[in-house]
$ cat run.cif   # mmCIF, C-alpha atoms
data_input
#
loop_
_atom_site.label_atom_id
_atom_site.label_comp_id
_atom_site.auth_asym_id
_atom_site.auth_seq_id
_atom_site.Cartn_x
_atom_site.Cartn_y
_atom_site.Cartn_z
CA MET A 671 26.10 -13.90 7.86
CA LYS A 672 24.37 -10.63 6.99
CA ILE A 673 20.58 -10.59 7.17
CA VAL A 674 18.91 -7.52 5.66
CA PHE A 675 15.26 -6.58 6.29
CA LEU A 676 14.30 -4.25 3.45
CA ASP A 677 10.84 -3.23 4.68
CA ALA A 678 10.87 -4.02 8.39
CA ASN A 679 7.99 -1.67 9.24
CA THR A 680 5.58 -3.92 7.34
CA LEU A 681 5.99 -6.30 10.28
CA GLY A 682 5.26 -3.70 12.97
CA GLU A 683 7.64 -2.04 15.37
CA ASP A 684 7.14 -4.48 18.26
CA ILE A 685 8.99 -7.41 16.69
CA ASP A 686 11.73 -9.28 18.57
CA TYR A 687 14.79 -9.63 16.32
CA ALA A 688 16.83 -11.62 18.85
CA PRO A 689 16.44 -14.95 16.94
CA PHE A 690 17.96 -13.28 13.86
CA GLN A 691 20.69 -11.47 15.77
CA ALA A 692 21.78 -14.87 17.09
CA LEU A 693 22.40 -15.93 13.49
CA GLY A 694 24.49 -12.98 12.34
CA GLU A 695 24.50 -9.26 11.60
CA VAL A 696 21.00 -7.82 11.20
CA ILE A 697 20.33 -4.66 9.19
CA LYS A 698 16.82 -3.19 9.26
CA TYR A 699 15.39 -0.64 6.87
CA PRO A 700 11.88 0.63 7.66
CA PHE A 701 11.02 0.80 3.94
CA SER A 702 12.98 0.53 0.71
CA SER A 703 12.12 1.79 -2.75
CA SER A 704 13.08 -0.29 -5.78
CA GLU A 705 15.81 2.25 -6.47
CA GLU A 706 17.28 1.79 -2.98
CA VAL A 707 17.31 -2.01 -3.01
CA PRO A 708 20.46 -2.58 -5.15
CA LEU A 709 22.83 -0.86 -2.72
CA ARG A 710 21.03 -2.03 0.41
CA SER A 711 21.15 -5.66 -0.70
CA GLN A 712 24.68 -5.55 -2.06
CA ASP A 713 26.39 -7.39 0.83
CA ALA A 714 23.43 -9.41 2.06
CA ASP A 715 23.48 -13.17 2.47
CA VAL A 716 19.77 -13.18 3.26
CA LEU A 717 17.06 -10.71 2.29
CA VAL A 718 13.83 -10.58 4.28
CA ILE A 719 11.13 -8.78 2.31
CA ASN A 720 7.39 -8.38 2.03
CA LYS A 721 6.17 -6.68 -1.16
CA ILE A 722 9.44 -5.40 -2.63
CA PRO A 723 10.10 -6.63 -6.20
CA ILE A 724 13.04 -9.01 -6.33
CA ASN A 725 14.44 -9.24 -9.85
CA GLU A 726 17.54 -8.54 -11.91
CA LYS A 727 17.07 -4.79 -11.62
CA THR A 728 16.88 -4.79 -7.81
CA ILE A 729 19.42 -7.45 -6.79
CA SER A 730 21.95 -7.61 -9.63
CA LEU A 731 24.64 -6.22 -7.28
CA ALA A 732 23.90 -8.76 -4.52
CA ASP A 733 26.84 -11.07 -5.17
CA HIS A 734 26.62 -12.75 -1.75
CA LEU A 735 22.87 -13.35 -1.78
CA LYS A 736 21.86 -16.93 -1.11
CA LEU A 737 18.31 -16.77 0.27
CA VAL A 738 15.24 -14.51 -0.04
CA CYS A 739 12.58 -14.87 2.66
CA VAL A 740 9.11 -13.45 2.00
CA THR A 741 7.20 -12.46 5.14
CA GLY A 742 3.90 -13.73 3.76
CA THR A 743 2.33 -16.31 1.50
CA GLY A 744 2.21 -14.51 -1.85
CA THR A 745 5.34 -14.55 -4.01
CA ASN A 746 4.20 -12.64 -7.11
CA ASN A 747 6.92 -10.08 -6.41
CA LEU A 748 9.70 -12.63 -6.98
CA ASP A 749 11.25 -13.23 -10.40
CA LYS A 750 11.69 -16.93 -9.75
CA ASP A 751 13.36 -17.63 -13.09
CA TYR A 752 16.02 -15.03 -12.37
CA LEU A 753 16.56 -16.37 -8.86
CA ALA A 754 16.95 -19.88 -10.26
CA ARG A 755 19.56 -18.71 -12.78
CA ARG A 756 21.48 -17.13 -9.90
CA ASN A 757 21.00 -20.24 -7.73
CA ILE A 758 19.34 -18.07 -5.08
CA GLN A 759 16.74 -19.91 -3.01
CA TRP A 760 13.50 -18.37 -1.77
CA ARG A 761 11.07 -19.19 1.00
CA ASN A 762 7.60 -17.96 1.85
CA VAL A 763 5.40 -18.55 4.89
CA ALA A 764 1.91 -20.04 5.09
CA GLY A 765 -0.35 -20.94 7.95
CA TYR A 766 0.96 -18.40 10.44
CA SER A 767 -2.13 -16.16 10.39
CA THR A 768 -5.01 -18.64 10.33
CA GLU A 769 -6.30 -17.81 13.81
CA SER A 770 -5.83 -14.06 13.37
CA VAL A 771 -7.67 -13.89 10.03
CA ALA A 772 -10.50 -16.12 11.25
CA GLN A 773 -10.91 -13.94 14.32
CA HIS A 774 -10.98 -10.76 12.22
CA THR A 775 -13.55 -12.33 9.90
CA PHE A 776 -16.00 -12.66 12.76
CA ALA A 777 -15.14 -9.22 14.15
CA MET A 778 -16.11 -7.71 10.79
CA LEU A 779 -19.21 -9.87 10.51
CA PHE A 780 -20.66 -8.92 13.88
CA TYR A 781 -19.83 -5.23 13.41
CA LEU A 782 -21.97 -5.24 10.26
CA LEU A 783 -24.58 -7.81 11.24
CA GLU A 784 -25.49 -6.17 14.54
CA GLY A 785 -25.03 -2.53 13.53
CA LEU A 786 -22.46 -1.98 16.27
CA ARG A 787 -21.25 1.35 14.87
CA TYR A 788 -24.80 2.71 14.96
CA TYR A 789 -25.47 1.56 18.53
CA ASP A 790 -22.11 2.79 19.79
CA ASP A 791 -22.70 6.21 18.26
CA TYR A 792 -26.26 6.27 19.59
CA VAL A 793 -25.03 5.92 23.16
CA LYS A 794 -21.94 8.12 22.88
CA GLU A 795 -23.92 10.93 21.26
CA GLY A 796 -26.15 11.04 24.33
CA HIS A 797 -29.34 9.64 22.82
CA TYR A 798 -29.55 6.84 25.39
CA VAL A 799 -29.54 9.28 28.30
CA ASN A 800 -33.08 9.40 29.67
CA ASP A 801 -34.28 7.38 26.67
CA ARG A 802 -37.91 6.28 26.82
CA PHE A 803 -37.10 2.54 26.77
CA PHE A 804 -34.18 0.54 28.16
CA THR A 805 -33.69 -1.11 24.73
CA HIS A 806 -33.34 0.80 21.48
CA PHE A 807 -34.66 -1.24 18.56
CA SER A 808 -33.91 0.99 15.59
CA HIS A 809 -31.44 -1.36 13.88
CA THR A 810 -32.75 -4.89 14.23
CA PHE A 811 -30.45 -7.87 13.66
CA HIS A 812 -30.73 -11.63 13.39
CA GLU A 813 -29.03 -14.62 14.98
CA LEU A 814 -26.23 -16.30 13.08
CA GLN A 815 -27.73 -19.63 14.05
CA GLY A 816 -29.78 -20.91 11.13
CA MET A 817 -28.15 -18.66 8.55
CA THR A 818 -26.21 -20.03 5.58
CA TRP A 819 -22.53 -19.08 5.59
CA GLY A 820 -20.90 -19.45 2.19
CA ILE A 821 -17.12 -19.62 1.77
CA LEU A 822 -15.09 -18.96 -1.35
CA GLY A 823 -11.77 -20.73 -0.84
CA LEU A 824 -11.64 -23.59 1.65
CA GLY A 825 -7.98 -23.59 2.62
CA ALA A 826 -6.73 -23.52 6.21
CA ILE A 827 -8.38 -20.16 6.95
CA GLY A 828 -11.60 -21.07 5.16
CA ARG A 829 -11.88 -24.31 7.12
CA ARG A 830 -11.27 -22.52 10.42
CA VAL A 831 -13.98 -19.98 9.60
CA ALA A 832 -16.30 -22.80 8.55
CA ASP A 833 -15.75 -24.65 11.83
CA ILE A 834 -16.40 -21.55 13.94
CA ALA A 835 -19.49 -20.62 11.91
CA GLY A 836 -20.76 -24.15 12.47
CA MET A 837 -20.32 -23.71 16.22
CA PHE A 838 -22.64 -20.70 16.02
CA GLY A 839 -25.21 -22.93 14.37
CA ALA A 840 -24.81 -21.67 10.82
CA ARG A 841 -25.15 -23.96 7.84
CA VAL A 842 -21.85 -23.83 5.95
CA ILE A 843 -21.38 -24.29 2.21
CA TYR A 844 -18.34 -23.59 0.06
CA TYR A 845 -17.23 -23.25 -3.54
CA SER A 846 -13.83 -24.14 -4.99
CA ALA A 847 -13.05 -21.85 -7.92
CA SER A 848 -10.23 -24.14 -9.07
CA GLY A 849 -12.54 -27.17 -9.21
CA ALA A 850 -10.70 -29.06 -6.45
CA PRO A 851 -12.39 -32.25 -5.23
CA ALA A 852 -14.85 -31.94 -2.36
CA GLN A 853 -13.31 -31.91 1.10
CA GLU A 854 -14.63 -34.45 3.56
CA GLY A 855 -16.87 -32.97 6.22
CA TYR A 856 -17.72 -29.81 4.23
CA CYS A 857 -20.58 -29.14 1.80
CA GLN A 858 -19.29 -28.18 -1.64
CA VAL A 859 -21.69 -26.39 -4.01
CA ASP A 860 -21.47 -24.72 -7.41
CA PHE A 861 -20.90 -20.98 -7.71
CA ASP A 862 -24.50 -20.04 -8.44
CA THR A 863 -25.68 -21.95 -5.38
CA LEU A 864 -23.07 -20.24 -3.23
CA LEU A 865 -24.26 -16.82 -4.40
CA ARG A 866 -27.97 -17.61 -4.23
CA GLU A 867 -28.07 -19.26 -0.79
CA SER A 868 -25.45 -17.43 1.27
CA ASP A 869 -26.58 -15.02 3.96
CA ILE A 870 -22.91 -14.36 4.64
CA LEU A 871 -20.26 -14.94 1.98
CA SER A 872 -16.65 -14.77 3.08
CA ILE A 873 -13.70 -14.89 0.70
CA HIS A 874 -10.51 -16.66 1.80
CA ALA A 875 -9.15 -17.62 -1.62
CA PRO A 876 -5.83 -16.81 -3.28
CA LEU A 877 -5.71 -14.53 -6.30
CA ASN A 878 -5.28 -16.56 -9.47
CA GLN A 879 -6.80 -17.11 -12.91
CA TYR A 880 -9.83 -18.75 -11.32
CA THR A 881 -10.65 -16.07 -8.76
CA GLU A 882 -9.63 -12.71 -10.25
CA GLY A 883 -12.77 -10.62 -10.73
CA ILE A 884 -15.08 -13.52 -9.90
CA MET A 885 -17.19 -11.30 -7.63
CA ASP A 886 -18.58 -8.95 -10.25
CA GLN A 887 -21.87 -7.27 -11.12
CA LYS A 888 -23.32 -10.53 -12.42
CA ALA A 889 -22.42 -12.30 -9.15
CA PHE A 890 -23.82 -9.57 -6.89
CA ARG A 891 -27.15 -9.63 -8.73
CA LYS A 892 -27.52 -13.31 -7.84
CA MET A 893 -27.01 -12.72 -4.11
CA LYS A 894 -29.67 -12.04 -1.51
CA SER A 895 -30.41 -8.37 -0.90
CA SER A 896 -29.85 -9.15 2.80
CA ALA A 897 -26.45 -10.79 2.23
CA ILE A 898 -23.18 -9.64 3.77
CA LEU A 899 -19.96 -10.02 1.80
CA LEU A 900 -16.59 -10.31 3.56
CA ASN A 901 -13.32 -10.26 1.61
CA LEU A 902 -10.25 -11.40 3.52
CA GLY A 903 -8.58 -13.02 0.52
CA ARG A 904 -7.17 -10.66 -2.09
CA GLY A 905 -8.56 -7.36 -3.31
CA PRO A 906 -8.80 -8.08 -7.06
CA ILE A 907 -11.08 -11.06 -6.42
CA VAL A 908 -13.80 -8.40 -6.11
CA ARG A 909 -14.52 -5.91 -8.86
CA GLU A 910 -14.65 -2.86 -6.66
CA ALA A 911 -16.74 -0.59 -8.89
CA ASP A 912 -19.34 -3.36 -9.18
CA LEU A 913 -19.44 -3.84 -5.42
CA ALA A 914 -19.83 -0.10 -4.80
CA GLN A 915 -22.73 -0.10 -7.26
CA ALA A 916 -24.28 -3.18 -5.61
CA LEU A 917 -24.18 -1.44 -2.22
CA ASN A 918 -25.64 1.78 -3.60
CA GLU A 919 -28.43 -0.07 -5.37
CA GLY A 920 -29.22 -2.39 -2.46
CA GLU A 921 -28.29 -5.58 -4.30
CA ILE A 922 -26.55 -6.75 -1.12
CA GLN A 923 -26.89 -5.48 2.43
CA ALA A 924 -23.29 -4.81 3.44
CA ALA A 925 -19.63 -5.55 2.79
CA GLY A 926 -16.58 -5.88 5.00
CA LEU A 927 -13.18 -5.70 3.32
CA ASP A 928 -9.69 -6.15 4.71
CA VAL A 929 -8.06 -6.19 1.28
CA LEU A 930 -8.28 -3.82 -1.67
CA SER A 931 -7.12 -3.88 -5.27
CA SER A 932 -4.77 -0.99 -4.50
CA GLU A 933 -3.07 -0.90 -1.11
CA PRO A 934 -2.86 1.62 0.44
CA MET A 935 -6.29 2.76 -0.77
CA ALA A 936 -6.35 4.72 -4.03
CA ALA A 937 -7.57 8.32 -3.97
CA ASP A 938 -10.13 7.45 -6.65
CA SER A 939 -11.38 4.24 -5.00
CA PRO A 940 -14.98 3.40 -6.00
CA PHE A 941 -15.72 2.80 -2.33
CA LEU A 942 -15.52 6.52 -1.64
CA SER A 943 -18.72 6.82 -3.68
CA VAL A 944 -20.74 4.49 -1.44
CA LYS A 945 -23.60 6.63 -0.16
CA ASP A 946 -24.55 4.77 3.02
CA LYS A 947 -21.22 4.37 4.81
CA SER A 948 -22.79 2.15 7.47
CA ARG A 949 -23.08 -0.60 4.86
CA LEU A 950 -19.33 -0.71 4.22
CA LEU A 951 -16.50 -1.59 6.62
CA ILE A 952 -12.91 -1.41 5.41
CA THR A 953 -9.90 -2.29 7.55
CA PRO A 954 -6.35 -1.60 6.28
CA HIS A 955 -5.10 -5.16 5.64
CA VAL A 956 -4.75 -5.95 9.35
CA ALA A 957 -6.54 -9.30 9.62
CA TRP A 958 -3.25 -11.21 9.54
CA ALA A 959 -1.47 -8.99 12.04
CA ALA A 960 -2.35 -10.14 15.55
CA VAL A 961 0.73 -9.94 17.77
CA GLU A 962 0.88 -13.72 18.07
CA ALA A 963 0.60 -14.19 14.30
CA ARG A 964 3.50 -11.82 13.63
CA GLN A 965 5.61 -13.50 16.31
CA ARG A 966 4.79 -16.86 14.75
CA LEU A 967 5.75 -15.53 11.33
CA MET A 968 9.16 -14.33 12.52
CA LYS A 969 9.84 -17.61 14.32
CA ILE A 970 9.12 -19.50 11.10
CA ILE A 971 11.42 -17.27 9.04
CA ALA A 972 14.25 -17.56 11.56
CA GLY A 973 13.81 -21.33 11.38
CA GLN A 974 13.97 -21.24 7.58
CA ILE A 975 17.27 -19.38 7.72
CA ARG A 976 18.70 -21.82 10.28
CA ASP A 977 17.61 -24.79 8.18
CA PHE A 978 19.02 -23.35 4.98
CA PHE A 979 22.44 -22.70 6.51
CA HIS A 980 22.32 -25.89 8.60
CA ILE A 981 22.56 -24.01 11.89
CA PHE A 982 21.31 -26.10 14.80
#

$ encode --input "run.cif" --output "structure tokens"
Amino acid sequence: MKIVFLDANTLGEDIDYAPFQALGEVIKYPFSSSEEVPLRSQDADVLVINKIPINEKTISLADHLKLVCVTGTGTNNLDKDYLARRNIQWRNVAGYSTESVAQHTFAMLFYLLEGLRYYDDYVKEGHYVNDRFFTHFSHTFHELQGMTWGILGLGAIGRRVADIAGMFGARVIYYSASGAPAQEGYCQVDFDTLLRESDILSIHAPLNQYTEGIMDQKAFRKMKSSAILLNLGRGPIVREADLAQALNEGEIQAAGLDVLSSEPMAADSPFLSVKDKSRLLITPHVAWAAVEARQRLMKIIAGQIRDFFHIF
């Protein structure tokens, strides 16, 4: 069996490939352009990919291909009709990053809520040396206990965030954009209530016809001016120009984003126009990528390959 990783560097360089090497020959390419995929996939039995488009143009030469494994949950890059016509199976992975994304959600929240960048800079720039008082009160902050934490998208990650927020004493509400029935043990509200009452609003929803662009100018104007928005779902759920405007005009207090509409970040991103940079935190799509989460991901994919080829 020949297993080809077409964009191995999207998984990090500290990955253990031993479980795959036990199954057959492993070929790793750090990255592959669409033009490079046809030749690189030509002799593959299994392709392991992340964002690379898989369609007739890219894999028409792959006569031996039997299985495509996506190292993530989203499969918009797969032409599933073409794969079906070729009788090529595909697999994706869900649930591997729940703990990592939930952890990153709170890291982003506390960074913004407590003004940690400001206080860190204050000390490191020498202002705390021989300061008049032992506590510097310039950027006040509030306890999470008693706040209302709103969640858009109550899947596995959303529920984990809700449970942790509840442990901090926050009141948790959520909205289902798809209109799914209420989940037992969680308080479902309509969208206007979510916007109006949330002190923190975190997004953990997939991108679909219900969520694309749902966080727009109209939505931001319904939120509290003290609210913090966190997007750990998908970039296009938020209309970025509208969010940049909302931050500049003080319609919400701050935003933390781990996902953008264009990744890597576009040179003309609206977020580059945000005047007060302390109100915006952007991380480069790393919430999912704790070491344990990536190891878990690879273990699941290796198991999918074993199961498909009935290797026990």

$ residues_near_point --input "run.cif" --point "(-19.4, -10.2, 14.1)" --cutoff "12 Å" --atoms "only C-alpha atoms" --output "PyMOL selection string"
chain A and resi 772-787+811-814+834-835+838+870+898+900+926+951

$ resolve_selection --input "run.cif" --expression "the PyMOL selection byres ((chain A and resi 832) around 10)" --output "ChimeraX atom specification"
/A:772,819-821,824,826-831,833-837,840-844,856,872

$ resolve_selection --input "run.cif" --expression "the PyMOL selection byres ((chain A and resi 747-760) around 8)" --output "NGL selection string"
:A and (721-726 or 735-740 or 744-746 or 761-762)

$ atom_distance --input "run.cif" --atom1 "atom CA of Glu683 of chain A" --atom2 "atom CA of His874 of chain A"
27.0 Å

$ resolve_selection --input "run.cif" --expression "the PyMOL selection byres ((chain A and resi 928-939) around 7)" --output "list in words"
Asn901, Leu902, Gly903, Arg904, Gly905, Pro906, Gly926, Leu927, Pro940, Phe941, Leu942, Ile952, Thr953, Pro954, His955, Val956 and Ala957 of chain A

$ residues_around --input "run.cif" --residues "Leu967 of chain A" --least-positions-apart "6" --cutoff "10 Å" --atoms "all atoms listed in the file" --output "ChimeraX atom specification"
/A:681,741-742,762-767,959,961,973

$ atom_distance --input "run.cif" --atom1 "atom CA of His734 of chain A" --atom2 "atom CA of Asp684 of chain A"
29.1 Å

$ atom_distance --input "run.cif" --atom1 "atom CA of Asn679 of chain A" --atom2 "atom CA of Glu695 of chain A"
18.3 Å

$ residues_around --input "run.cif" --residues "Thr863 of chain A" --least-positions-apart "5" --cutoff "12 Å" --atoms "all atoms listed in the file" --output "list in words"
Thr818, Trp819, Gly820, Ile821, Leu822, Ile843, Tyr844, Tyr845, Cys857, Gln858, Ser868, Asp869, Leu871, Ala889, Lys892, Met893 and Lys894 of chain A

$ axis_aligned_box --input "run.cif" --around "segment 724-734 of chain A" --padding-each-side "6 Å" --output "AutoDock Vina command-line options"
--center_x 19.9 --center_y -8.8 --center_z -6.8 --size_x 25.8 --size_y 20.0 --size_z 22.2

$ closest_residue --input "run.cif" --among "A:Ile685, A:Ile697, A:Ala847, A:Val718" --to "Lys672 of chain A" --atoms "all atoms listed in the file"
A:Ile697

$ closest_residue --input "run.cif" --among "A:Asp862, A:Glu867, A:Glu910, A:Glu795" --to "Glu882 of chain A" --atoms "only C-alpha atoms"
A:Glu910
